[in-house]
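One file, upload_18.cif, is given below (mmCIF, C-alpha atoms).
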```
data_target
#
loop_
_atom_site.label_atom_id
_atom_site.label_comp_id
_atom_site.auth_asym_id
_atom_site.auth_seq_id
_atom_site.Cartn_x
_atom_site.Cartn_y
_atom_site.Cartn_z
CA MET Z 1 23.15 -12.28 22.10
CA THR Z 2 19.89 -10.47 21.42
CA LYS Z 3 19.17 -7.83 18.81
CA LYS Z 4 17.85 -5.15 21.14
CA GLY Z 5 20.37 -2.71 19.75
CA ASN Z 6 18.62 -2.71 16.40
CA ALA Z 7 15.47 -1.35 18.03
CA THR Z 8 16.82 0.85 20.82
CA GLU Z 9 19.04 2.82 18.43
CA LEU Z 10 15.83 4.45 17.20
CA GLY Z 11 15.94 6.68 20.25
CA THR Z 12 19.63 7.61 20.15
CA GLN Z 13 21.05 7.70 16.61
CA PRO Z 14 20.83 10.88 14.43
CA ILE Z 15 17.41 11.13 12.79
CA GLY Z 16 18.72 11.75 9.28
CA LYS Z 17 20.94 8.67 9.47
CA LEU Z 18 18.10 6.55 10.86
CA LEU Z 19 15.63 7.67 8.21
CA MET Z 20 18.12 6.81 5.48
CA GLN Z 21 18.83 3.47 7.16
CA TYR Z 22 15.14 2.55 7.42
CA ALA Z 23 13.65 4.36 4.44
CA ILE Z 24 16.13 3.35 1.73
CA PRO Z 25 15.48 -0.40 2.13
CA ALA Z 26 11.73 0.29 2.26
CA ILE Z 27 11.95 2.55 -0.81
CA ILE Z 28 13.92 -0.10 -2.71
CA ALA Z 29 11.39 -2.73 -1.66
CA MET Z 30 8.39 -0.56 -2.57
CA THR Z 31 9.97 0.47 -5.88
CA ALA Z 32 10.62 -3.16 -6.67
CA THR Z 33 7.02 -4.01 -5.82
CA SER Z 34 5.62 -1.23 -8.00
CA LEU Z 35 7.94 -2.16 -10.87
CA TYR Z 36 6.90 -5.79 -10.58
CA ASN Z 37 3.23 -4.76 -10.73
CA MET Z 38 3.99 -2.57 -13.73
CA VAL Z 39 6.02 -5.27 -15.48
CA ASP Z 40 3.21 -7.74 -14.75
CA SER Z 41 0.78 -5.38 -16.49
CA ILE Z 42 3.20 -4.93 -19.39
CA PHE Z 43 3.47 -8.70 -19.87
CA ILE Z 44 -0.32 -9.01 -19.75
CA GLY Z 45 -0.93 -6.04 -22.07
CA GLN Z 46 1.69 -7.03 -24.63
CA GLY Z 47 1.27 -10.82 -24.34
CA VAL Z 48 -2.50 -11.20 -23.88
CA GLY Z 49 -4.10 -8.00 -25.24
CA PRO Z 50 -5.78 -4.66 -24.42
CA MET Z 51 -8.93 -6.30 -23.06
CA ALA Z 52 -6.75 -8.27 -20.63
CA ILE Z 53 -5.48 -4.92 -19.29
CA SER Z 54 -9.11 -3.89 -18.75
CA GLY Z 55 -9.84 -7.22 -17.06
CA LEU Z 56 -6.85 -6.72 -14.78
CA ALA Z 57 -8.09 -3.22 -13.91
CA ILE Z 58 -11.40 -4.74 -12.82
CA THR Z 59 -9.50 -6.69 -10.15
CA PHE Z 60 -8.02 -3.56 -8.54
CA PRO Z 61 -10.94 -3.11 -6.11
CA PHE Z 62 -10.61 -6.76 -5.11
CA MET Z 63 -6.89 -6.34 -4.56
CA ASN Z 64 -7.52 -3.18 -2.51
CA LEU Z 65 -10.07 -5.02 -0.39
CA GLY Z 66 -7.65 -7.85 0.32
CA ALA Z 67 -4.90 -5.33 1.04
CA ALA Z 68 -7.23 -3.57 3.47
CA PHE Z 69 -7.32 -6.57 5.79
CA GLY Z 70 -3.61 -7.20 5.36
CA ALA Z 71 -2.78 -3.57 6.14
CA MET Z 72 -5.05 -3.55 9.18
CA VAL Z 73 -3.08 -6.38 10.77
CA GLY Z 74 0.39 -5.54 9.43
CA VAL Z 75 0.40 -1.79 10.01
CA GLY Z 76 -1.50 -2.01 13.28
CA ALA Z 77 0.86 -4.65 14.65
CA SER Z 78 4.07 -2.98 13.45
CA THR Z 79 3.06 0.36 14.97
CA LEU Z 80 2.14 -1.34 18.26
CA ILE Z 81 5.46 -3.22 18.28
CA SER Z 82 7.40 0.01 17.67
CA VAL Z 83 5.66 1.76 20.56
CA LYS Z 84 6.13 -1.23 22.90
CA LEU Z 85 9.83 -1.44 22.04
CA GLY Z 86 10.13 2.28 22.78
CA GLN Z 87 8.55 1.58 26.18
CA ARG Z 88 10.92 -1.40 26.74
CA ASP Z 89 7.91 -3.73 26.97
CA TYR Z 90 9.56 -6.61 25.10
CA SER Z 91 7.26 -9.38 26.30
CA MET Z 92 4.19 -7.56 25.00
CA ALA Z 93 5.90 -6.94 21.64
CA GLN Z 94 6.54 -10.69 21.45
CA MET Z 95 2.86 -11.44 22.06
CA VAL Z 96 1.89 -9.01 19.30
CA LEU Z 97 4.03 -11.03 16.87
CA GLY Z 98 2.19 -14.25 17.75
CA ASN Z 99 -1.19 -12.58 17.37
CA VAL Z 100 -0.17 -11.30 13.93
CA VAL Z 101 0.34 -14.87 12.73
CA THR Z 102 -3.00 -16.08 14.08
CA LEU Z 103 -4.98 -13.10 12.77
CA ASN Z 104 -3.48 -13.43 9.29
CA VAL Z 105 -4.42 -17.12 9.10
CA ILE Z 106 -8.01 -16.48 10.18
CA ILE Z 107 -8.61 -13.43 8.00
CA GLY Z 108 -6.82 -14.89 4.97
CA VAL Z 109 -8.88 -18.10 4.98
CA VAL Z 110 -12.26 -16.42 5.57
CA PHE Z 111 -11.66 -13.73 2.93
CA SER Z 112 -10.67 -16.33 0.31
CA ILE Z 113 -13.64 -18.62 0.94
CA VAL Z 114 -16.25 -15.85 0.85
CA SER Z 115 -14.72 -14.22 -2.22
CA LEU Z 116 -14.45 -17.45 -4.22
CA LEU Z 117 -18.06 -18.35 -3.47
CA PHE Z 118 -19.35 -15.08 -4.94
CA LEU Z 119 -16.56 -14.27 -7.40
CA ASP Z 120 -18.52 -13.57 -10.59
CA PRO Z 121 -21.22 -11.38 -8.98
CA ILE Z 122 -18.50 -9.39 -7.20
CA LEU Z 123 -16.54 -8.85 -10.41
CA TYR Z 124 -19.64 -7.71 -12.31
CA PHE Z 125 -20.37 -5.31 -9.45
CA PHE Z 126 -16.82 -4.00 -9.78
CA GLY Z 127 -17.46 -3.09 -13.44
CA ALA Z 128 -16.75 -6.25 -15.43
CA SER Z 129 -18.46 -6.88 -18.75
CA PRO Z 130 -18.88 -10.07 -20.82
CA ASP Z 131 -15.67 -9.06 -22.64
CA THR Z 132 -13.55 -8.65 -19.48
CA ILE Z 133 -15.08 -11.04 -16.92
CA GLY Z 134 -13.05 -14.04 -18.15
CA TYR Z 135 -9.72 -12.29 -17.67
CA ALA Z 136 -10.68 -10.93 -14.25
CA ARG Z 137 -11.99 -14.30 -13.08
CA ASP Z 138 -8.91 -16.24 -14.20
CA PHE Z 139 -6.63 -13.81 -12.38
CA MET Z 140 -8.57 -13.58 -9.11
CA GLN Z 141 -9.20 -17.30 -8.71
CA VAL Z 142 -5.48 -17.91 -8.41
CA ILE Z 143 -4.82 -14.84 -6.25
CA LEU Z 144 -7.58 -15.80 -3.81
CA LEU Z 145 -6.35 -19.39 -3.49
CA GLY Z 146 -3.00 -17.97 -2.39
CA ASN Z 147 -4.47 -15.17 -0.29
CA ILE Z 148 -3.42 -16.60 3.08
CA PHE Z 149 0.23 -16.56 1.95
CA THR Z 150 -0.11 -12.96 0.76
CA HIS Z 151 -1.55 -11.82 4.11
CA MET Z 152 1.12 -13.61 6.11
CA TYR Z 153 3.95 -12.35 3.88
CA LEU Z 154 2.84 -8.70 4.14
CA GLY Z 155 2.18 -8.93 7.89
CA LEU Z 156 5.55 -10.46 8.74
CA ASN Z 157 7.37 -7.97 6.54
CA ALA Z 158 5.83 -5.13 8.55
CA VAL Z 159 6.95 -6.86 11.77
CA LEU Z 160 10.52 -7.21 10.46
CA ARG Z 161 10.71 -3.47 9.82
CA ALA Z 162 9.33 -2.62 13.25
CA ALA Z 163 11.74 -5.04 14.94
CA GLY Z 164 14.78 -3.25 13.52
CA HIS Z 165 15.35 -5.29 10.34
CA PRO Z 166 14.45 -2.99 7.43
CA GLN Z 167 17.05 -4.56 5.18
CA LYS Z 168 15.69 -8.07 5.69
CA ALA Z 169 12.19 -6.79 4.92
CA MET Z 170 13.62 -5.24 1.77
CA TYR Z 171 15.30 -8.51 0.75
CA ALA Z 172 12.01 -10.38 1.19
CA THR Z 173 10.26 -7.96 -1.13
CA ILE Z 174 13.06 -7.95 -3.71
CA ASN Z 175 13.10 -11.76 -3.71
CA THR Z 176 9.38 -11.74 -4.44
CA VAL Z 177 9.84 -9.29 -7.28
CA ILE Z 178 12.73 -11.15 -8.92
CA ILE Z 179 10.98 -14.51 -8.75
CA ASN Z 180 7.79 -13.01 -10.16
CA ILE Z 181 9.51 -11.22 -13.03
CA ILE Z 182 11.30 -14.46 -13.96
CA LEU Z 183 8.23 -16.70 -13.75
CA ALA Z 184 5.55 -14.40 -15.24
CA PRO Z 185 6.87 -14.28 -18.84
CA ILE Z 186 7.60 -18.02 -18.74
CA PHE Z 187 4.04 -18.82 -17.65
CA ILE Z 188 2.46 -16.29 -20.06
CA TYR Z 189 4.59 -16.74 -23.21
CA VAL Z 190 6.06 -20.24 -22.92
CA PHE Z 191 3.35 -22.18 -21.06
CA LYS Z 192 0.58 -20.09 -22.68
CA TRP Z 193 -1.29 -19.72 -19.38
CA GLY Z 194 -2.31 -16.14 -20.15
CA ILE Z 195 -3.37 -13.84 -17.33
CA ARG Z 196 -3.68 -16.84 -15.00
CA GLY Z 197 0.05 -17.43 -15.43
CA ALA Z 198 0.82 -13.94 -14.08
CA ALA Z 199 -1.26 -14.69 -10.99
CA ILE Z 200 0.44 -18.06 -10.42
CA ALA Z 201 3.85 -16.38 -10.62
CA THR Z 202 2.77 -13.84 -8.00
CA VAL Z 203 1.60 -16.46 -5.50
CA ILE Z 204 4.68 -18.68 -5.93
CA ALA Z 205 6.98 -15.69 -5.38
CA GLN Z 206 5.21 -14.74 -2.16
CA ILE Z 207 5.33 -18.30 -0.81
CA VAL Z 208 9.10 -18.47 -1.35
CA SER Z 209 9.66 -15.17 0.49
CA LEU Z 210 7.30 -16.23 3.29
CA VAL Z 211 9.43 -19.33 3.91
CA TRP Z 212 12.49 -17.07 4.23
CA GLN Z 213 10.66 -14.78 6.68
CA PHE Z 214 9.74 -17.74 8.87
CA LYS Z 215 13.39 -18.80 8.87
CA ILE Z 216 14.41 -15.37 10.20
CA LEU Z 217 11.66 -15.18 12.81
CA THR Z 218 12.35 -18.66 14.20
CA ASN Z 219 15.89 -17.60 15.16
CA GLN Z 220 15.93 -17.74 18.96
CA ASN Z 221 18.64 -15.05 19.11
CA GLU Z 222 16.27 -12.43 17.73
CA LEU Z 223 14.56 -10.07 20.16
CA LEU Z 224 11.24 -10.93 18.50
CA HIS Z 225 10.90 -14.53 17.38
CA LEU Z 226 8.24 -17.19 16.90
CA LYS Z 227 7.87 -19.55 19.84
CA LYS Z 228 5.25 -21.48 21.81
CA GLY Z 229 2.71 -19.62 23.89
CA ILE Z 230 2.31 -16.43 21.83
CA TYR Z 231 -0.36 -17.45 19.28
CA SER Z 232 -3.51 -17.34 21.40
CA LEU Z 233 -5.46 -14.22 20.52
CA GLN Z 234 -5.51 -11.70 23.36
CA ASN Z 235 -8.45 -9.34 23.43
CA LYS Z 236 -6.41 -6.26 24.33
CA ILE Z 237 -3.77 -6.87 21.67
CA VAL Z 238 -6.32 -7.56 18.95
CA LYS Z 239 -8.26 -4.42 19.85
CA ASN Z 240 -5.10 -2.31 19.75
CA ILE Z 241 -3.99 -3.78 16.42
CA ILE Z 242 -7.40 -3.13 14.88
CA ALA Z 243 -7.67 0.36 16.39
CA ILE Z 244 -4.32 1.43 14.94
CA GLY Z 245 -4.75 -0.54 11.71
CA LEU Z 246 -8.25 0.82 11.14
CA SER Z 247 -6.83 3.84 9.31
CA PRO Z 248 -5.11 1.91 6.48
CA PHE Z 249 -8.04 -0.53 6.48
CA CYS Z 250 -10.54 2.28 5.92
CA MET Z 251 -8.24 3.85 3.34
CA ASN Z 252 -8.02 0.63 1.34
CA VAL Z 253 -11.74 -0.11 1.64
CA ALA Z 254 -12.49 3.43 0.52
CA SER Z 255 -10.06 2.94 -2.38
CA CYS Z 256 -11.94 -0.22 -3.28
CA PHE Z 257 -15.27 1.58 -3.57
CA ILE Z 258 -13.69 4.57 -5.30
CA VAL Z 259 -12.18 2.33 -7.98
CA ILE Z 260 -15.59 0.71 -8.44
CA PHE Z 261 -17.12 4.16 -9.06
CA ILE Z 262 -14.28 5.03 -11.45
CA ASN Z 263 -14.58 1.77 -13.39
CA LYS Z 264 -18.35 2.00 -13.66
CA GLY Z 265 -18.22 5.66 -14.67
CA LEU Z 266 -15.54 5.11 -17.30
CA LYS Z 267 -17.41 2.11 -18.68
CA GLU Z 268 -20.64 4.16 -18.93
CA TYR Z 269 -19.10 7.24 -20.54
CA ASP Z 270 -16.22 5.76 -22.56
CA GLY Z 271 -16.40 1.94 -22.66
CA ASP Z 272 -14.18 -0.96 -21.56
CA LEU Z 273 -11.07 0.54 -23.14
CA ALA Z 274 -11.29 3.52 -20.77
CA ILE Z 275 -11.11 1.10 -17.83
CA GLY Z 276 -7.90 -0.25 -19.33
CA ALA Z 277 -6.60 3.33 -19.59
CA TYR Z 278 -7.27 3.86 -15.90
CA GLY Z 279 -5.51 0.56 -15.18
CA ILE Z 280 -2.38 1.87 -16.93
CA VAL Z 281 -2.51 5.23 -15.15
CA ASN Z 282 -3.06 3.44 -11.86
CA ARG Z 283 0.09 1.37 -12.39
CA LEU Z 284 2.17 4.44 -13.31
CA VAL Z 285 0.96 6.45 -10.32
CA PHE Z 286 1.44 3.37 -8.16
CA ILE Z 287 5.21 3.61 -8.66
CA CYS Z 288 5.25 7.08 -7.08
CA VAL Z 289 2.83 6.12 -4.31
CA MET Z 290 4.84 3.05 -3.35
CA ILE Z 291 8.08 5.03 -3.15
CA VAL Z 292 6.36 7.56 -0.88
CA MET Z 293 5.02 4.64 1.15
CA GLY Z 294 8.60 3.41 1.44
CA ILE Z 295 9.54 6.77 2.95
CA THR Z 296 6.63 6.61 5.39
CA GLN Z 297 7.52 3.02 6.30
CA GLY Z 298 11.02 4.21 7.12
CA MET Z 299 9.52 7.00 9.21
CA GLN Z 300 7.06 4.74 11.06
CA PRO Z 301 9.33 2.86 13.50
CA ILE Z 302 11.37 6.01 14.22
CA ALA Z 303 8.30 8.15 14.91
CA GLY Z 304 6.55 5.39 16.88
CA TYR Z 305 9.56 4.59 19.05
CA ASN Z 306 10.37 8.22 19.89
CA TYR Z 307 6.73 9.07 20.50
CA GLY Z 308 6.58 6.18 22.95
CA ALA Z 309 9.78 7.50 24.57
CA GLN Z 310 8.32 11.07 24.64
CA GLN Z 311 11.17 12.46 22.56
CA TYR Z 312 8.97 14.84 20.59
CA GLN Z 313 11.72 16.85 18.92
CA ARG Z 314 12.98 13.68 17.25
CA VAL Z 315 9.42 12.92 16.14
CA ASN Z 316 9.15 16.37 14.55
CA THR Z 317 12.49 16.00 12.79
CA VAL Z 318 11.73 12.64 11.16
CA LEU Z 319 8.35 13.96 10.01
CA LYS Z 320 9.90 17.00 8.31
CA LEU Z 321 12.51 14.91 6.53
CA ALA Z 322 9.86 12.43 5.34
CA ILE Z 323 7.74 15.27 3.92
CA ILE Z 324 10.72 16.66 1.98
CA GLY Z 325 11.54 13.25 0.49
CA ALA Z 326 7.92 12.53 -0.45
CA THR Z 327 7.48 15.95 -2.08
CA ILE Z 328 10.54 15.44 -4.26
CA MET Z 329 9.14 12.12 -5.49
CA THR Z 330 5.63 13.36 -6.24
CA THR Z 331 7.03 16.39 -8.06
CA LEU Z 332 9.08 14.13 -10.35
CA THR Z 333 5.92 12.14 -11.14
CA PHE Z 334 4.12 15.40 -11.92
CA LEU Z 335 6.83 16.36 -14.43
CA ILE Z 336 6.68 12.98 -16.19
CA GLY Z 337 2.88 13.05 -16.36
CA GLU Z 338 2.74 16.59 -17.75
CA PHE Z 339 5.57 16.41 -20.29
CA VAL Z 340 6.02 12.78 -21.46
CA PRO Z 341 2.83 10.83 -20.61
CA GLU Z 342 2.64 9.06 -23.99
CA LEU Z 343 6.16 7.70 -23.58
CA ALA Z 344 5.24 6.10 -20.26
CA VAL Z 345 1.93 4.70 -21.50
CA ARG Z 346 3.43 3.05 -24.60
CA LEU Z 347 5.28 0.62 -22.34
CA PHE Z 348 1.97 -1.17 -21.75
CA THR Z 349 0.29 -1.29 -25.14
CA THR Z 350 0.50 -0.52 -28.85
CA ASP Z 351 -3.23 0.18 -29.15
CA GLU Z 352 -3.52 3.86 -30.15
CA GLY Z 353 -6.98 4.33 -28.65
CA LEU Z 354 -5.79 3.02 -25.31
CA ILE Z 355 -2.61 5.13 -25.48
CA SER Z 356 -4.57 8.32 -26.17
CA ARG Z 357 -7.00 7.78 -23.29
CA ALA Z 358 -4.31 6.78 -20.78
CA ALA Z 359 -1.94 9.64 -21.65
CA GLU Z 360 -4.65 12.27 -21.22
CA GLY Z 361 -5.82 10.70 -17.97
CA PHE Z 362 -2.26 10.54 -16.63
CA ARG Z 363 -1.74 14.23 -17.39
CA ILE Z 364 -4.87 15.19 -15.43
CA VAL Z 365 -4.39 12.85 -12.47
CA VAL Z 366 -0.91 14.15 -11.55
CA LEU Z 367 -1.84 17.83 -11.87
CA VAL Z 368 -1.45 18.61 -8.12
CA PHE Z 369 0.99 15.82 -7.28
CA PRO Z 370 3.66 18.17 -5.87
CA ILE Z 371 1.51 18.51 -2.71
CA VAL Z 372 0.18 14.95 -2.58
CA GLY Z 373 3.34 13.61 -0.91
CA PHE Z 374 2.75 15.91 2.05
CA GLN Z 375 -0.80 14.63 2.47
CA MET Z 376 0.28 10.98 2.35
CA VAL Z 377 3.08 11.45 4.88
CA THR Z 378 0.81 13.36 7.26
CA SER Z 379 -1.84 10.64 7.22
CA ASN Z 380 0.75 7.92 7.86
CA PHE Z 381 2.43 10.01 10.55
CA PHE Z 382 -0.67 10.06 12.75
CA GLN Z 383 -0.99 6.34 12.19
CA SER Z 384 2.68 5.82 13.18
CA ILE Z 385 2.23 7.45 16.58
CA GLY Z 386 -0.99 5.55 17.33
CA MET Z 387 -3.43 8.45 16.75
CA ALA Z 388 -5.85 6.22 14.90
CA ASN Z 389 -8.81 8.63 14.80
CA LYS Z 390 -6.84 11.41 13.11
CA ALA Z 391 -5.28 9.00 10.66
CA ILE Z 392 -8.68 7.54 9.78
CA PHE Z 393 -10.15 11.00 9.27
CA LEU Z 394 -7.35 12.03 6.92
CA SER Z 395 -7.60 8.75 5.04
CA LEU Z 396 -11.31 9.20 4.48
CA THR Z 397 -11.36 12.91 3.64
CA ARG Z 398 -9.70 12.46 0.28
CA GLN Z 399 -11.55 9.28 -0.64
CA LEU Z 400 -15.11 9.78 0.62
CA LEU Z 401 -15.65 13.40 1.61
CA PHE Z 402 -14.05 14.91 -1.50
CA LEU Z 403 -13.39 12.37 -4.26
CA LEU Z 404 -16.67 10.46 -4.14
CA PRO Z 405 -18.93 13.55 -4.53
CA CYS Z 406 -16.74 14.73 -7.41
CA LEU Z 407 -17.07 11.34 -9.11
CA ILE Z 408 -20.85 11.56 -8.80
CA ILE Z 409 -21.29 15.20 -9.85
CA LEU Z 410 -18.59 16.09 -12.40
CA PRO Z 411 -19.26 13.33 -14.99
CA THR Z 412 -22.81 14.62 -15.45
CA PHE Z 413 -21.31 17.84 -16.85
CA LEU Z 414 -17.96 16.72 -18.28
CA GLY Z 415 -18.50 13.04 -19.14
CA ALA Z 416 -15.43 10.79 -18.79
CA SER Z 417 -13.20 13.87 -18.30
CA GLY Z 418 -15.12 14.63 -15.11
CA ILE Z 419 -13.98 11.31 -13.66
CA TRP Z 420 -10.32 12.10 -14.37
CA TRP Z 421 -10.60 15.67 -13.01
CA SER Z 422 -12.18 14.45 -9.77
CA MET Z 423 -8.82 13.07 -8.63
CA PRO Z 424 -6.64 16.22 -8.59
CA ILE Z 425 -9.47 18.29 -7.13
CA SER Z 426 -9.90 15.95 -4.17
CA ASP Z 427 -6.11 15.74 -3.71
CA ALA Z 428 -5.83 19.51 -3.41
CA VAL Z 429 -8.60 19.87 -0.83
CA ALA Z 430 -7.41 16.86 1.23
CA SER Z 431 -3.89 18.31 1.37
CA ALA Z 432 -5.23 21.57 2.78
CA VAL Z 433 -7.07 19.68 5.54
CA ALA Z 434 -3.91 17.70 6.34
CA ALA Z 435 -1.90 20.93 6.64
CA VAL Z 436 -4.30 22.32 9.26
CA MET Z 437 -4.29 19.13 11.34
CA LEU Z 438 -0.51 18.78 11.20
CA TYR Z 439 0.01 22.39 12.30
CA LYS Z 440 -2.19 21.79 15.36
CA GLN Z 441 -0.26 18.61 16.21
CA PHE Z 442 3.06 20.47 16.02
CA GLN Z 443 1.71 23.03 18.46
CA SER Z 444 0.70 20.20 20.80
CA PHE Z 445 4.21 18.74 20.69
CA LYS Z 446 5.73 22.12 21.52
CA ARG Z 447 3.47 22.49 24.56
CA GLN Z 448 4.35 18.97 25.71
CA GLU Z 449 8.09 19.72 25.39
CA LEU Z 450 7.70 22.80 27.62
CA ILE Z 451 5.92 20.70 30.23
CA ASN Z 452 8.67 18.03 30.15
CA GLN Z 453 11.46 20.60 30.59
#
```
Go ahead and express the file in the form of structure tokens.
Amino acid sequence: MTKKGNATELGTQPIGKLLMQYAIPAIIAMTATSLYNMVDSIFIGQGVGPMAISGLAITFPFMNLGAAFGAMVGVGASTLISVKLGQRDYSMAQMVLGNVVTLNVIIGVVFSIVSLLFLDPILYFFGASPDTIGYARDFMQVILLGNIFTHMYLGLNAVLRAAGHPQKAMYATINTVIINIILAPIFIYVFKWGIRGAAIATVIAQIVSLVWQFKILTNQNELLHLKKGIYSLQNKIVKNIIAIGLSPFCMNVASCFIVIFINKGLKEYDGDLAIGAYGIVNRLVFICVMIVMGITQGMQPIAGYNYGAQQYQRVNTVLKLAIIGATIMTTLTFLIGEFVPELAVRLFTTDEGLISRAAEGFRIVVLVFPIVGFQMVTSNFFQSIGMANKAIFLSLTRQLLFLLPCLIILPTFLGASGIWWSMPISDAVASAVAAVMLYKQFQSFKRQELINQ
């Protein structure tokens, strides 16, 4: 018996029920991931020291760059699979799965080799100093050696969600988190491996979950499963995966360069400790962002399937519900950042200088967060229905058209504060652009519905 029902229900079941069914596992998985990243930082900050936090923050651009390639394959393939399932093109969806495996192997190996060969120069370019380079190097050497497993794990998790198994994708993520949280303190405190121990725990956890994913996807009873004859790269499939995945790729690459600008600016105007403060704020904001991403991941297969089936009213409904959920989450983050930022920051460190910098930065960064959820959902919505150009444009407006100029101009007048203030300013303008584009798309759907009637 096949599992077609898990996918085809996307076009028939009530939207609210479907979004809960798909989003809740994704939210749990994303929350677990963000908490594991935060706990990892807490172990490093409390067990290794404040400079280790700064060294970890230096690796964020590297992690974003690696995630960019993983997202390009994973998001591009999962969106393509959702659309193909909506069109009942099951054989093509199967071929996409095989191409995901091959692409992840190729990209993972090449990225690791190139990065390891030029690791120190890259880290210095990212803002490392003689005081932080050792921590950043120790962490990234391990992460890069396990990079192929990371790419494959993230890619197959996206496929599981698109194939109608959001709960199994959630379990894979939660397994990774639990294993990491167990191993990290053992490696850091007991084995005395320092920041390298945190990285080793991360890679081991992902390998264990990857083995479980392969077990699921080798089940012949699944609609999509691994088998012979699907691994040869097909030009059309690869082009479609890259075209759709180009939006998250560009977003992550842009994030990489933005973090470089932030790190370099903070180092110039306020020293290495300010980079550590940004690292803490980044982790705190990351919790909110990942939960919103969980909502958009729940939205993605529903929107993609119904768009492929030309059921535009269902597409509109899932989008509206996703925006409401995301806005609630970003508003809660805004309230925490404005009223109790010191309480959140103290989880990571006891250093008063670091606490003061991070709390003030947190308060500024979340200033317009109540509207950020809308912008994030809108960008991912266009990506979910295969409108790659619009998704890419929205991804880049916040990062390059608005944030980058602010990061260049404002610090010359406001110093380190100008770097922090650049973030809410760019968020506000990017949200306004997203609102205009989404309104036009809604009008297009309404016209298409009239034609179909």
What does the distance from CA of Ala26 (chain Z) to CA of Gly294 (chain Z) come to in Å, to one decimal?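 Answer for the CA of Ala26 (chain Z) to CA of Gly294 (chain Z) separation: 4.5 Å.
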The PyMOL selection byres ((chain Z and resi 35) around 10) applied to the shown file, residues as a ChimeraX atom specification: /Z:29-34,36-41,177,181,283-284,286-287,290
Store the residues picked out above in a file with C-alpha atoms, as an mmCIF file, in the coordinates of the input.
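What ended up in result_27.cif:
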```cif
data_model
loop_
_atom_site.group_PDB
_atom_site.id
_atom_site.type_symbol
_atom_site.label_atom_id
_atom_site.label_comp_id
_atom_site.auth_asym_id
_atom_site.auth_seq_id
_atom_site.Cartn_x
_atom_site.Cartn_y
_atom_site.Cartn_z
ATOM 1 C CA ALA Z 29 11.390 -2.730 -1.660
ATOM 2 C CA MET Z 30 8.390 -0.560 -2.570
ATOM 3 C CA THR Z 31 9.970 0.470 -5.880
ATOM 4 C CA ALA Z 32 10.620 -3.160 -6.670
ATOM 5 C CA THR Z 33 7.020 -4.010 -5.820
ATOM 6 C CA SER Z 34 5.620 -1.230 -8.000
ATOM 7 C CA TYR Z 36 6.900 -5.790 -10.580
ATOM 8 C CA ASN Z 37 3.230 -4.760 -10.730
ATOM 9 C CA MET Z 38 3.990 -2.570 -13.730
ATOM 10 C CA VAL Z 39 6.020 -5.270 -15.480
ATOM 11 C CA ASP Z 40 3.210 -7.740 -14.750
ATOM 12 C CA SER Z 41 0.780 -5.380 -16.490
ATOM 13 C CA VAL Z 177 9.840 -9.290 -7.280
ATOM 14 C CA ILE Z 181 9.510 -11.220 -13.030
ATOM 15 C CA ARG Z 283 0.090 1.370 -12.390
ATOM 16 C CA LEU Z 284 2.170 4.440 -13.310
ATOM 17 C CA PHE Z 286 1.440 3.370 -8.160
ATOM 18 C CA ILE Z 287 5.210 3.610 -8.660
ATOM 19 C CA MET Z 290 4.840 3.050 -3.350
#
```
With distances taken over all atoms listed in the file, the candidate from Z:Val75, Z:Thr349, Z:Trp212, Z:Val289 nearest Thr331 (chain Z) is Z:Val289
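Residues matched by the PyMOL selection byres ((chain Z and resi 101) around 10) in this structure: Z:Val73, Z:Gly74, Z:Val96, Z:Leu97, Z:Gly98, Z:Asn99, Z:Val100, Z:Thr102, Z:Leu103, Z:Asn104, Z:Val105, Z:Ile106, Z:His151, Z:Met152, Z:Tyr153, Z:Gly155, Z:Leu156, Z:Leu226, Z:Ile230, Z:Tyr231, Z:Ser232, Z:Leu233.
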Could you name the residues that touch Leu65 (chain Z) at 8 Å or less, counting all atoms listed in the file, but leaving out those on the same chain fewer than 3 positions away, as a VMD selection string? chain Z and resid 61 to 62 68 to 69 252 to 253 256
Just give me the gap between CA of Gln375 (chain Z) and CA of Ser431 (chain Z) in Å, one decimal is fine.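 Between CA of Gln375 (chain Z) and CA of Ser431 (chain Z) the gap works out to 4.9 Å.
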Please output region 220-225 of chain Z, rebuilt to include N, CA and C atoms, as an mmCIF file, in the frame of the given file.
```
data_model
loop_
_atom_site.group_PDB
_atom_site.id
_atom_site.type_symbol
_atom_site.label_atom_id
_atom_site.label_comp_id
_atom_site.auth_asym_id
_atom_site.auth_seq_id
_atom_site.Cartn_x
_atom_site.Cartn_y
_atom_site.Cartn_z
ATOM 1 N N GLN Z 220 16.118 -18.013 17.541
ATOM 2 C CA GLN Z 220 15.930 -17.740 18.960
ATOM 3 C C GLN Z 220 16.773 -16.573 19.464
ATOM 4 N N ASN Z 221 17.794 -16.173 18.710
ATOM 5 C CA ASN Z 221 18.640 -15.050 19.110
ATOM 6 C C ASN Z 221 18.018 -13.691 18.807
ATOM 7 N N GLU Z 222 16.943 -13.692 18.044
ATOM 8 C CA GLU Z 222 16.270 -12.430 17.730
ATOM 9 C C GLU Z 222 15.447 -11.954 18.926
ATOM 10 N N LEU Z 223 15.370 -10.634 19.088
ATOM 11 C CA LEU Z 223 14.560 -10.070 20.160
ATOM 12 C C LEU Z 223 13.108 -10.510 20.016
ATOM 13 N N LEU Z 224 12.583 -10.423 18.799
ATOM 14 C CA LEU Z 224 11.240 -10.930 18.500
ATOM 15 C C LEU Z 224 11.384 -12.194 17.661
ATOM 16 N N HIS Z 225 10.819 -13.291 18.132
ATOM 17 C CA HIS Z 225 10.900 -14.530 17.380
ATOM 18 C C HIS Z 225 9.679 -15.402 17.682
#
```
